[in-house]
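All remarks here apply to the structure that follows.
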Amino acid sequence: MEKVAMNGDQVIALAWKQIDPDVVAAYPITPQTIIVEAFSEFVADGLVNTEYVCAESEHSAMSMCIGASAAGARTATATASAGLAFMWEMLYIASGMRLPIVMAVANRALSGPINIHCDHSDAMGARDSGWIQIFGENVQEAYDNSIMAFRIAEHMDIRLPTMTCLDGFIVTHSLERFEPLPDETVKKFVGDFKYKRSLLDLKNPTTFGPFDWTDYYFEHKYQQVDAMRHVIPVINQVQDDFAKVSGRRYNIIEPYRLEDAEYAVVAMGSTAGTLKDIVDELRAEGKKVGSIKLRLFRPFPAQELAKTLEGLKGVAILDRAVSIGASGPLFPEVRSALYDAKDKPKLKNYIYGLGGRDIKPEELKHVYKQLIYNEGEIVNFLGARV
Amino acid sequence: MPGEKAGELPEGGMILEAGSSRKYNTGDWRSKRPVCDESKCTNCLVCWIYCPDNSIIVKEGKRVGFKLTHCKGCGICANQCPAKCIKMVEEGV
Amino acid sequence: MSAVTSLKLLSEKEDRYVEGHRLCAGCAEPIIARQILLATDKPVVVSNATGCFEVSSTIYPFTSWNVPWIHSAFENAAATISGVEAAYLALKRKGKITEDIRFVTFGGDGATYDIGFQAISGAIERGHHFMYVCLNNEAYMNTGIQRSGATGRGAQTTTCPAGTCVPGKREFPKDLTKIIIAHDLPYAAQGSPHNYKDLIEKSAKGFEASGPAFLNVISPCPRGWRHDSAKTIEIAKLAVETCIWPLYEFERGVWRLTGESLRIAEGSRQKLPISEWLKSQGRFGHLTKDKWNFVAEEIQANVDTKWQELLKLCKI
């Protein structure tokens, strides 16, 4: 199809329009507002059959999504930052109840101080909640991830809610050329919504959300853990299917010029895109460097990442969030994945871009320099006046 | 029933069997039991509408018994009976 | 309407909420829920806030529910049912559902007056077709009898105990029914389990309100209010007879007294002094002390003022 120019928020609304979910319940928050506004226009023009509910808060929005999904409806929503934090309790419940809700998260810094710009602290705060977390680099990926997410979440072996993350303002508000899929292709790709039990199935009255004593809770949690183990094979299959209909090939780990690289930088989100340009520049100077875009954070692809990074001399992990009192959140996961590797690269953590602080090409080049010359600390702060 | 493995349970904590609490005998809780003087009972069914535990057995508009598997012995039926034909007696006596 | 409340006919209906739940002996909540669920023949789907009623009815793997039921969290039962209702509308539009279903939400006073107020206000403002039932036992009972916005003035709870300096709760309760009515919804009412005819008729109206409906029902709690488990219905009746919990309804803009409250207003039934209410429950026991006498007087004055306001609203 012909390429059009839209921003990251608009393409998510477009994906929803093409999928026509049964229910969307959402609350506006910068920088996700364009998603709900654009979708509201589709509703007002009768272009979708969706029952669209303007929730009075994010906690209620997720609660509505839970009610709707339990009632056998395909359900979508979107939020960011404080909104995600407000619905934190409900994220765990959505996953515990095994409801395949799909949510776009416009990654934005958590308060305080209040900041409306991009970092990954919001999604990182939800990393234990039992949601599948997919990160997108640009507008095209934001669109494609939104479509694939329904297939992943709704897979009968999975049934876990899924968040597709896109960088706040950087992707949500940037106009980029992207290629939409035809309506029919999207509809056919996501297929019909199936459920195991529904609140509206009167012939099989079901109790959703019981109370567990100590004798059942552990097993119910284990079920979620077990479902997460099926996610990577399912995502790989969905990405294969998506490549067939779109011509766009996605992998959960996308190395760039890594074949003979000695040093590499790992990143999620839009910075993974910037890194590719830096790699090209450094390669032109003869440096053996590469980069890795990590698209899947939960479940964490430990084995796959270890295989990708093993044998490199040095790897820098970029974190656009910090777990205050520890390091960035991605860093220990990568380190732990490599713990048993025979040929472990030297690992460094670079926390950057908090509160939308711009990441400059020189700063990324500096990271490679520190890798090559083994400079810097184990945990570093890139671009902060410290 | 308890002791199922994680893989044997329905997902998401869903309870698939409606009304399964009937299998849980709350009658074990009580220390007093209702007894009805049938000769005075007018089948007004006031005890039935006020019983918190569905433990007044009604068949064809007539109060035919107490569900002793579940009756907790609260005494509301005895307290509210307009004909004063229900008395609470000590269990185990 | 009288056909709805023939006990013989009602007793032939299938139980929607069954025995085996773990609520205390003599708890009013199951009595109220059973009466309300008898008020419609349409299929119902229930959402339930965290609290005594929810926990006791669904201790895994047992459920007392014979109808579809969902609990998600404490403060969001109204939001949860909003989502269910939205799904229902969407799926009905697509022809995937053909039945006419009714949606009802149960929440305690904690979930309704306090932590869940945002969700219920939003749900009513958006006009979802559902009925919200507040099981008002005037405290956060499930967590151990702590005070709520519904707790009566002078009542003892674990977070407003009666000590040497403070005689129980200092504040008068929120008049939540009036706050809900200020949303101008199609139907709202106060009820009591002792007057089952009144409660079932109101529930029937609520189910058919073609929009949001709200029932606030007094729910005596033998544990928290400190009374004999056999006296639950008797005490609910006292709440109405002393006018501390009047029975009334708001139907499409018209305020109306019902049941014993109507007869008290008309003069054919005696309004009992608040001392009858206070002496019936241990949670007010400390008010008999001389130094706390003024509290009982304040409660009576407040009841009388609010009663007069209600008479005016009902144009009596």
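By convention in this document, the chains of the structure tokens carry letters A, B, ... by their order, each chain's residues are numbered from 1, and ligands are numbered from 1 in the order they are shown.
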
(request) With a cut-off of 7 Å and counting only C-alpha atoms, select all residues of chain A in contact with chain B and give the selection as an MDAnalysis selection string. (result) chainID A and resid 96:98 205:210 219:220 222:223

(message) Residues within 12 Å of range 46-49 of chain B, please, as a PyMOL selection string. Count only C-alpha atoms; anything in the same chain fewer than 6 positions from it doesn't count.
(response) (chain B and resi 34+36+55-59+61-67+71+74-86) or (chain C and resi 5-12+15+28+30-38+193-197+199-200+230+233)

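Relative to CA of Thr271 in chain A, CA of Ile359 in chain A is found at 7.8 Å.
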
(request) Tell me the residues of chain A close to chain C, meaning within 6 Å using only C-alpha atoms, as a PyMOL selection string. (result) chain A and resi 22+51+56+60+63-65+67-68+71+73+199+205-212

Next, the residues of the selection above should be written as a PDB file, in the first residue's frame with N, CA and C atoms.
ATOM      1  N   ASP A  22     -14.338  -4.617  20.155  1.00  0.00           N
ATOM      2  CA  ASP A  22     -15.685  -4.492  20.687  1.00  0.00           C
ATOM      3  C   ASP A  22     -15.783  -3.329  21.666  1.00  0.00           C
ATOM      4  N   GLU A  51     -17.840  -0.079  21.142  1.00  0.00           N
ATOM      5  CA  GLU A  51     -18.482   0.623  22.249  1.00  0.00           C
ATOM      6  C   GLU A  51     -17.362   1.364  22.958  1.00  0.00           C
ATOM      7  N   GLU A  56     -13.597   7.687  33.663  1.00  0.00           N
ATOM      8  CA  GLU A  56     -13.344   8.874  34.489  1.00  0.00           C
ATOM      9  C   GLU A  56     -11.980   8.820  35.172  1.00  0.00           C
ATOM     10  N   SER A  60     -10.216   3.196  36.556  1.00  0.00           N
ATOM     11  CA  SER A  60     -11.515   2.738  36.074  1.00  0.00           C
ATOM     12  C   SER A  60     -11.420   2.244  34.634  1.00  0.00           C
ATOM     13  N   SER A  63     -10.267  -1.167  34.768  1.00  0.00           N
ATOM     14  CA  SER A  63     -11.327  -1.979  35.369  1.00  0.00           C
ATOM     15  C   SER A  63     -12.411  -2.282  34.344  1.00  0.00           C
ATOM     16  N   MET A  64     -12.730  -1.280  33.528  1.00  0.00           N
ATOM     17  CA  MET A  64     -13.724  -1.492  32.475  1.00  0.00           C
ATOM     18  C   MET A  64     -13.205  -2.488  31.449  1.00  0.00           C
ATOM     19  N   CYS A  65     -11.939  -2.370  31.113  1.00  0.00           N
ATOM     20  CA  CYS A  65     -11.366  -3.315  30.147  1.00  0.00           C
ATOM     21  C   CYS A  65     -11.443  -4.729  30.698  1.00  0.00           C
ATOM     22  N   GLY A  67     -13.680  -5.891  32.889  1.00  0.00           N
ATOM     23  CA  GLY A  67     -15.078  -6.310  32.808  1.00  0.00           C
ATOM     24  C   GLY A  67     -15.460  -6.689  31.388  1.00  0.00           C
ATOM     25  N   ALA A  68     -15.036  -5.865  30.437  1.00  0.00           N
ATOM     26  CA  ALA A  68     -15.411  -6.110  29.046  1.00  0.00           C
ATOM     27  C   ALA A  68     -14.755  -7.375  28.513  1.00  0.00           C
ATOM     28  N   ALA A  71     -16.252 -10.356  29.661  1.00  0.00           N
ATOM     29  CA  ALA A  71     -17.570 -10.546  29.053  1.00  0.00           C
ATOM     30  C   ALA A  71     -17.445 -10.966  27.594  1.00  0.00           C
ATOM     31  N   ALA A  73     -15.458  -9.689  25.138  1.00  0.00           N
ATOM     32  CA  ALA A  73     -15.263  -8.628  24.151  1.00  0.00           C
ATOM     33  C   ALA A  73     -13.780  -8.422  23.886  1.00  0.00           C
ATOM     34  N   LEU A 199     -18.661 -13.832  30.884  1.00  0.00           N
ATOM     35  CA  LEU A 199     -19.709 -13.422  31.816  1.00  0.00           C
ATOM     36  C   LEU A 199     -21.076 -13.405  31.142  1.00  0.00           C
ATOM     37  N   PRO A 205     -22.773 -20.182  33.781  1.00  0.00           N
ATOM     38  CA  PRO A 205     -22.470 -19.066  34.692  1.00  0.00           C
ATOM     39  C   PRO A 205     -21.123 -19.294  35.377  1.00  0.00           C
ATOM     40  N   THR A 206     -20.240 -18.327  35.214  1.00  0.00           N
ATOM     41  CA  THR A 206     -18.870 -18.469  35.696  1.00  0.00           C
ATOM     42  C   THR A 206     -18.586 -17.398  36.731  1.00  0.00           C
ATOM     43  N   THR A 207     -17.804 -17.783  37.727  1.00  0.00           N
ATOM     44  CA  THR A 207     -17.331 -16.828  38.733  1.00  0.00           C
ATOM     45  C   THR A 207     -15.922 -16.388  38.351  1.00  0.00           C
ATOM     46  N   PHE A 208     -15.758 -15.086  38.137  1.00  0.00           N
ATOM     47  CA  PHE A 208     -14.456 -14.511  37.799  1.00  0.00           C
ATOM     48  C   PHE A 208     -13.920 -13.747  39.001  1.00  0.00           C
ATOM     49  N   GLY A 209     -12.642 -13.970  39.346  1.00  0.00           N
ATOM     50  CA  GLY A 209     -12.020 -13.154  40.393  1.00  0.00           C
ATOM     51  C   GLY A 209     -12.338 -13.603  41.799  1.00  0.00           C
ATOM     52  N   PRO A 210     -12.079 -14.878  42.122  1.00  0.00           N
ATOM     53  CA  PRO A 210     -12.408 -15.371  43.461  1.00  0.00           C
ATOM     54  C   PRO A 210     -11.351 -14.954  44.480  1.00  0.00           C
ATOM     55  N   PHE A 211     -11.566 -15.419  45.696  1.00  0.00           N
ATOM     56  CA  PHE A 211     -10.620 -15.227  46.782  1.00  0.00           C
ATOM     57  C   PHE A 211      -9.825 -16.518  46.935  1.00  0.00           C
ATOM     58  N   ASP A 212      -8.511 -16.423  46.961  1.00  0.00           N
ATOM     59  CA  ASP A 212      -7.663 -17.595  47.178  1.00  0.00           C
ATOM     60  C   ASP A 212      -7.114 -17.578  48.590  1.00  0.00           C
TER      61      ASP A 212
END

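Interatomic distance, CA of Met268 in chain A to CA of Ala106 in chain A: 13.5 Å.
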